[in-house]
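Here's the structure, in structure tokens; my notes come after.
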Amino acid sequence: MQRPGRSKTRRPWWERWLGPLTPILAALAAFLLGAIMLLALGADPIRAYGSMFEGAFGSVNAFADTIVKATPLLFVGIGICVAFRGGVINIGGEGQLVVGALAATVAAINLPYWPSWAIIPFTLLLGFLGGALWGAIPGVLKAYLNVNEILTTIMMNAIAVQGMNYLLRGPLMDPLQIEQGSFIPQTARFPLAADLPRLVPTRMHLGVILAVLAAVLVWALLWRTTIGFRIRAVGLNPNASRRAGIRVGRYAVMAMLLSGALAGLGGAVQVLGVHHRMFTDGSAMGFTGAAGFNGIVAALFGQLHPIGTIPASVLFGAMIVGANKMQRAVQVPSALITALNGLVVVFVVASEIWRRRLARRSELLNIDRALDTQSDSSQEAGT
Amino acid sequence: MIQDLLAPAVLIGIASSGIRLATPYLYATIGETFGQLSGVLNLGVEGIMLMGAYSGFYVTFKTGNPVLGLLAAIVVGGLMGLGMAIISVTFQAEQGISGIGVYLFGLGMSDLLFQKSLGTVETVSGFQPVEIPFLSQIPVLGQIFFRHNLLVYAAFLLVPVAWFVINKTTWGLKIQAVGQNPAAADALGVSVSAVRYATVTLGGVLSGIAGASLSIGLLNVFQQNLTSGMGFIAVALVYFGGWSPVGVLLGSLLFSLVNALQNWVQVLGIPIPSDFAVMMPYVLTILALVFAVRKVTQPAALTKPFERGEG
């Protein structure tokens, strides 16, 4: 049966653009709300956002700082891409950053005589493995014992923080702090050989390049290898994947493990490239600066695509760096940025509904077309 | 040193502060239980608690009246709960992630308002302990159970009330139906959206009170990130407690007693790394999730948005 016009309908141009533009529109909405909040606080929003932009991109040093702040977001963010694409929700970035950093720290302070070419890869590897372990535990519990991974990753965050506090107040504490009796919970400075090479005079370090490299590798893994295809298949439709012979549990664990490992590598890069020692203020955020959560924001904004997460991380890194400048310029605390990030997340995930509706509609359209061609051919066969 | 911990006065102290510290967990977990039973996982409890804690504190600080502070926390908590309901019910957003957004919003917003309106850490006189006549005079038990502020008593009273509402009222049965089989509930004329809006908003109100119970009940201060993860624990405790008010009561007491023990260990200067004591409840919760989840099944529609005509 012929249904004129129907089968030839193409989606209008604005519908095709709506998908990729949704997160940007969502962010604009969040910024608009932020502007209203700024007005309510008696600050000029244009000046506030202007100073933020200047603080983040206004000079070479400012830009370098933005990139440095974006680096842990990118590591966590590409990990989130792997996890979410694999159908597991990883809220454990904070803990995985901490464990990765701790693993790198233990190695760095105990290998004072190793040359750079040996100590840097080795400590980074340990950070990667530490994060992998911290991600694998919730992954295994989810895949084989059906324990909700959102809860376990949150618990693992808390456990990592307490472990960090114990180590830094005890066995790993800087001997100098003990000698002086000041007992600040931090480790000794790492040997200079363990410092990631820097692009002097800025604070930009090798970790930035590693993060971008990791993003490209993860993209290649997800879209150019069988393993990546299976991870995505499991995330899209576990039942169909199981019927197709994919071991669903194994790939869920792999997604979680890899997600944790990337965050762990981010933690290691953070201590080796920025702080050169590990420290704690008792909470995870003192060390991570909430990168474990903001990395999720960046990944969502980058449409859970590792390459898209690169500019998204720069954007959110810029917001963090620019917030300090904004605080000085218009006397609005930089905490505003945390609130805005929260709104971005909320708006991005809430606007998904339009995308889903569009997807369903075009799916129906495709089915229509398929049915049409089928009936056409059956008619032909009949005549 | 260790023997100090077993002295009767210390044991009573630990039990008494354990009861007190259970308060915020109880409000938050019972609120979250309602939401999850109806099928909505609100991971933003922590953010709502922070906003409740701030608004309760601020109003009490300005008016000197903790009752007004509590009202403010209820209103703010309810509004944030309503927001979460709009996001997860109407917009059908992925709940595990939107909750993180609500958390970040509450974390940033409460800190922003705190810095803008107060600037430094202040103290207020919040809800004062009320000794219950006669009962508070019973040796040992009186000291442990009957010398707390009103928010503490109300939290414990909430457990049987919640149990009754969930199991013995029509509304409670509707909540469970909507959480188990929304399509069937819808076919029987129950409005899935209305039930979920109500439970998630109620959860917000109770999370707001949970925050206020810290800032104008237990601690009487507000500072950045005051709740430091309690809201996330509360979400986990709902699973831990098998979606029953009695279960979450036990979970809340486990966490609060370990916290109390750890506080006393520090006060007495016992050289046990307290970090491990703090770590234990988290490890226990994971173990409990591993072993308990197999017996009690979660509401079938938890985290699944409902739309007519789907499956």
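Going by the structure tokens order, chains are called A, B, ..., each with residues numbered from 1, while ligands are numbered from 1 in the order shown.
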
Check: which chain A residues lie within 8 Å of chain B using only C-alpha atoms, as a PyMOL selection string:
chain A and resi 89+141+145-147+150-152+154-156+158-159+162-163+165-166+283+293+332-346+349-353

Can you tell me which residues surround range 168-177 of chain A at a distance of at most 8 Å, considering only C-alpha atoms, apart from same-chain residues fewer than 4 positions away, and format the answer as an NGL selection string?
:A and (106 or 164 or 181-189 or 278-280)

Apply DSSP to the backbone of this structure and, from range 230-348 of chain A, keep only the residues in alpha helix (DSSP H); write these as a PyMOL selection string.
chain A and resi 230-236+238-243+248-270+284-288+291-301+306-330+335-348

For those residues, write C-alpha atoms to a file as a compact mmCIF listing (two decimals), in the first residue's frame.
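Generated output (selection24.txt):
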```
# COMPACT_ATOMS: atom_id res chain seq x y z
CA ARG A 230 30.96 -5.07 22.79
CA ILE A 231 31.18 -2.59 25.66
CA ARG A 232 28.81 -0.28 23.78
CA ALA A 233 26.52 -3.15 22.77
CA VAL A 234 26.23 -4.25 26.40
CA GLY A 235 25.43 -0.69 27.39
CA LEU A 236 22.78 -0.27 24.70
CA PRO A 238 22.35 -6.14 27.59
CA ASN A 239 19.69 -8.71 26.74
CA ALA A 240 20.30 -8.64 23.03
CA SER A 241 24.06 -8.74 23.68
CA ARG A 242 23.63 -11.79 25.86
CA ARG A 243 21.62 -13.51 23.17
CA VAL A 248 27.71 -9.19 29.48
CA GLY A 249 29.18 -9.36 32.99
CA ARG A 250 32.74 -9.43 31.76
CA TYR A 251 32.29 -6.31 29.62
CA ALA A 252 30.50 -4.42 32.38
CA VAL A 253 33.45 -5.14 34.67
CA MET A 254 35.84 -4.07 31.94
CA ALA A 255 34.01 -0.78 31.45
CA MET A 256 34.08 -0.04 35.17
CA LEU A 257 37.71 -1.11 35.53
CA LEU A 258 38.83 1.05 32.65
CA SER A 259 36.80 3.95 33.94
CA GLY A 260 38.46 3.68 37.34
CA ALA A 261 41.89 3.22 35.78
CA LEU A 262 41.59 6.44 33.77
CA ALA A 263 40.52 8.37 36.86
CA GLY A 264 43.39 6.76 38.79
CA LEU A 265 45.82 7.84 36.09
CA GLY A 266 44.34 11.33 36.42
CA GLY A 267 45.06 11.26 40.16
CA ALA A 268 48.64 10.17 39.54
CA VAL A 269 49.14 12.90 36.93
CA GLN A 270 47.74 15.41 39.41
CA ALA A 284 38.20 13.95 49.15
CA MET A 285 37.48 17.36 47.72
CA GLY A 286 40.51 18.89 49.40
CA PHE A 287 42.69 16.90 47.04
CA THR A 288 40.44 16.38 44.00
CA ALA A 291 37.06 16.68 39.77
CA GLY A 292 35.46 13.27 40.31
CA PHE A 293 32.05 14.90 40.01
CA ASN A 294 32.91 17.67 37.57
CA GLY A 295 34.40 15.06 35.24
CA ILE A 296 30.89 13.59 34.98
CA VAL A 297 29.61 17.04 34.06
CA ALA A 298 32.26 17.37 31.36
CA ALA A 299 31.55 13.91 29.92
CA LEU A 300 27.82 14.58 29.76
CA PHE A 301 28.49 17.89 28.12
CA PRO A 306 35.91 11.04 24.47
CA ILE A 307 36.83 13.62 21.82
CA GLY A 308 33.83 15.80 22.69
CA THR A 309 34.92 15.61 26.31
CA ILE A 310 38.18 17.45 25.48
CA PRO A 311 36.61 20.88 24.76
CA ALA A 312 34.02 20.23 27.47
CA SER A 313 36.80 19.73 30.04
CA VAL A 314 38.50 22.92 28.90
CA LEU A 315 35.20 24.77 29.32
CA PHE A 316 34.68 23.52 32.87
CA GLY A 317 38.36 23.97 33.72
CA ALA A 318 37.96 27.56 32.53
CA MET A 319 34.96 28.04 34.76
CA ILE A 320 36.91 26.82 37.80
CA VAL A 321 39.91 29.05 37.07
CA GLY A 322 37.79 32.02 36.00
CA ALA A 323 35.65 31.78 39.11
CA ASN A 324 38.49 33.10 41.26
CA LYS A 325 38.86 36.16 39.09
CA MET A 326 35.11 36.65 39.17
CA GLN A 327 35.14 36.43 42.95
CA ARG A 328 37.65 39.27 43.13
CA ALA A 329 35.93 41.39 40.47
CA VAL A 330 32.32 41.27 41.63
CA ALA A 335 30.99 28.47 44.84
CA LEU A 336 28.55 29.87 42.27
CA ILE A 337 30.38 27.75 39.70
CA THR A 338 29.67 24.53 41.59
CA ALA A 339 25.99 25.45 41.66
CA LEU A 340 26.06 26.27 37.94
CA ASN A 341 27.73 22.92 37.16
CA GLY A 342 24.91 21.25 39.03
CA LEU A 343 22.37 23.10 36.91
CA VAL A 344 24.21 22.13 33.72
CA VAL A 345 23.97 18.45 34.70
CA VAL A 346 20.30 18.76 35.53
CA PHE A 347 19.47 20.59 32.30
CA VAL A 348 21.53 18.28 30.10
```

Atomic distance CA of Trp171 in chain B - CA of Ala185 in chain B, expressed in Å with one decimal:
12.1 Å

Need to verify the contact set: range 33-38 of chain B, 10 Å, only C-alpha atoms, exclusion of same-chain residues closer than 2 positions in sequence. Can you return it as a tab-separated table (two decimals) with N, CA and C atoms, in the first residue's frame?
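New file out37.tsv:
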```tsv
chain	number	residue	atom	x	y	z
B	27	TYR	N	15.80	11.05	59.27
B	27	TYR	CA	14.94	11.88	58.41
B	27	TYR	C	15.24	11.62	56.94
B	28	ALA	N	16.53	11.66	56.61
B	28	ALA	CA	16.90	11.53	55.20
B	28	ALA	C	16.54	10.16	54.65
B	29	THR	N	16.81	9.10	55.43
B	29	THR	CA	16.55	7.76	54.90
B	29	THR	C	15.06	7.50	54.77
B	30	ILE	N	14.27	7.97	55.73
B	30	ILE	CA	12.83	7.71	55.63
B	30	ILE	C	12.24	8.47	54.45
B	31	GLY	N	12.69	9.69	54.25
B	31	GLY	CA	12.24	10.44	53.08
B	31	GLY	C	12.61	9.73	51.80
B	40	VAL	N	11.47	6.21	42.40
B	40	VAL	CA	12.39	7.29	42.06
B	40	VAL	C	13.59	7.27	43.00
B	41	LEU	N	14.78	7.15	42.40
B	41	LEU	CA	16.02	7.23	43.18
B	41	LEU	C	16.46	8.69	43.20
B	42	ASN	N	16.38	9.31	44.37
B	42	ASN	CA	16.86	10.70	44.47
B	42	ASN	C	18.26	10.70	45.05
B	81	GLY	N	12.89	19.15	46.50
B	81	GLY	CA	12.29	17.85	46.20
B	81	GLY	C	11.37	17.96	44.99
B	85	ALA	N	11.50	16.12	41.44
B	85	ALA	CA	10.35	15.41	40.88
B	85	ALA	C	10.10	15.85	39.43
B	162	ALA	N	5.96	6.18	59.55
B	162	ALA	CA	6.25	5.83	58.16
B	162	ALA	C	5.84	4.39	57.88
B	165	VAL	N	2.10	4.37	57.46
B	165	VAL	CA	1.65	4.98	56.19
B	165	VAL	C	1.93	4.03	55.02
B	166	ILE	N	3.13	3.43	55.02
B	166	ILE	CA	3.51	2.60	53.88
B	166	ILE	C	2.68	1.31	53.83
B	172	GLY	N	-0.12	4.46	50.98
B	172	GLY	CA	1.07	3.63	51.06
B	172	GLY	C	1.02	2.50	50.05
B	173	LEU	N	-0.15	1.90	49.92
B	173	LEU	CA	-0.28	0.80	48.95
B	173	LEU	C	-0.13	1.31	47.52
B	174	LYS	N	-0.66	2.52	47.29
B	174	LYS	CA	-0.50	3.11	45.96
B	174	LYS	C	0.99	3.33	45.66
B	175	ILE	N	1.72	3.85	46.67
B	175	ILE	CA	3.16	4.08	46.48
B	175	ILE	C	3.84	2.78	46.07
B	176	GLN	N	3.54	1.72	46.81
B	176	GLN	CA	4.19	0.44	46.51
B	176	GLN	C	3.79	-0.06	45.12
B	177	ALA	N	2.51	0.12	44.78
B	177	ALA	CA	2.05	-0.34	43.47
B	177	ALA	C	2.77	0.40	42.35
B	178	VAL	N	2.89	1.70	42.53
B	178	VAL	CA	3.54	2.52	41.51
B	178	VAL	C	5.02	2.14	41.37
B	179	GLY	N	5.63	1.75	42.48
B	179	GLY	CA	7.04	1.37	42.44
B	179	GLY	C	7.26	-0.02	41.87
B	180	GLN	N	6.27	-0.89	42.05
B	180	GLN	CA	6.44	-2.27	41.58
B	180	GLN	C	5.97	-2.43	40.14
B	181	ASN	N	4.80	-1.87	39.84
B	181	ASN	CA	4.24	-2.07	38.51
B	181	ASN	C	3.43	-0.86	38.09
B	182	PRO	N	4.13	0.17	37.62
B	182	PRO	CA	3.44	1.43	37.31
B	182	PRO	C	2.36	1.25	36.24
B	192	VAL	N	0.39	7.71	38.35
B	192	VAL	CA	1.78	7.42	38.68
B	192	VAL	C	2.54	8.71	38.97
B	193	SER	N	2.34	9.72	38.11
B	193	SER	CA	3.06	10.98	38.29
B	193	SER	C	2.71	11.62	39.62
B	195	VAL	N	1.62	10.34	42.41
B	195	VAL	CA	2.21	9.62	43.55
B	195	VAL	C	3.70	9.93	43.64
B	196	ARG	N	4.37	9.89	42.49
B	196	ARG	CA	5.83	10.11	42.52
B	196	ARG	C	6.17	11.56	42.89
B	197	TYR	N	5.40	12.50	42.36
B	197	TYR	CA	5.62	13.90	42.76
B	197	TYR	C	5.51	14.03	44.27
B	198	ALA	N	4.45	13.40	44.83
B	198	ALA	CA	4.23	13.53	46.27
B	198	ALA	C	5.37	12.91	47.08
B	199	THR	N	5.80	11.70	46.70
B	199	THR	CA	6.84	11.03	47.51
B	199	THR	C	8.18	11.75	47.40
B	200	VAL	N	8.51	12.21	46.19
B	200	VAL	CA	9.82	12.85	46.04
B	200	VAL	C	9.83	14.21	46.76
B	201	THR	N	8.69	14.93	46.71
B	201	THR	CA	8.62	16.19	47.44
B	201	THR	C	8.69	15.94	48.94
B	202	LEU	N	7.97	14.93	49.40
B	202	LEU	CA	8.05	14.57	50.82
B	202	LEU	C	9.49	14.22	51.20
B	203	GLY	N	10.15	13.47	50.32
B	203	GLY	CA	11.55	13.14	50.56
B	203	GLY	C	12.40	14.40	50.69
B	204	GLY	N	12.11	15.40	49.84
B	204	GLY	CA	12.83	16.66	49.92
B	204	GLY	C	12.60	17.36	51.24
B	234	ALA	N	22.79	8.09	53.35
B	234	ALA	CA	21.36	7.88	53.55
B	234	ALA	C	20.76	7.11	52.38
B	235	VAL	N	21.17	7.46	51.16
B	235	VAL	CA	20.64	6.75	49.99
B	235	VAL	C	21.02	5.27	50.07
B	237	LEU	N	21.71	3.60	52.74
B	237	LEU	CA	21.04	2.96	53.88
B	237	LEU	C	19.64	2.48	53.52
B	238	VAL	N	19.03	3.13	52.54
B	238	VAL	CA	17.69	2.69	52.13
B	238	VAL	C	17.77	1.30	51.50
B	239	TYR	N	18.80	1.08	50.68
B	239	TYR	CA	19.01	-0.27	50.14
B	239	TYR	C	19.34	-1.23	51.28
B	241	GLY	N	18.58	-1.08	54.34
B	241	GLY	CA	17.43	-1.37	55.18
B	241	GLY	C	16.30	-2.06	54.42
B	242	GLY	N	16.56	-2.46	53.19
B	242	GLY	CA	15.55	-3.21	52.45
B	242	GLY	C	14.25	-2.45	52.25
B	243	TRP	N	14.30	-1.15	52.09
B	243	TRP	CA	13.11	-0.31	51.81
B	243	TRP	C	12.06	-0.43	52.90
B	244	SER	N	12.50	-0.67	54.13
B	244	SER	CA	11.53	-0.68	55.23
B	244	SER	C	11.99	0.30	56.31
B	245	PRO	N	11.05	1.02	56.94
B	245	PRO	CA	11.43	1.99	57.96
B	245	PRO	C	12.23	1.37	59.11
B	248	VAL	N	15.81	0.80	57.87
B	248	VAL	CA	16.65	2.01	57.79
B	248	VAL	C	16.96	2.53	59.19
B	298	GLN	N	14.56	-5.00	45.23
B	298	GLN	CA	14.23	-3.59	45.17
B	298	GLN	C	12.93	-3.38	44.40
B	299	PRO	N	12.26	-2.24	44.61
B	299	PRO	CA	11.05	-1.95	43.85
B	299	PRO	C	11.34	-2.14	42.36
B	300	ALA	N	10.47	-2.88	41.69
B	300	ALA	CA	10.79	-3.30	40.32
B	300	ALA	C	11.00	-2.12	39.38
B	301	ALA	N	10.30	-1.01	39.64
B	301	ALA	CA	10.38	0.11	38.70
B	301	ALA	C	11.37	1.18	39.17
B	302	LEU	N	12.23	0.85	40.17
B	302	LEU	CA	13.16	1.86	40.68
B	302	LEU	C	14.07	2.36	39.56
B	303	THR	N	14.20	3.68	39.45
B	303	THR	CA	14.98	4.43	38.45
B	303	THR	C	14.37	4.36	37.05
```
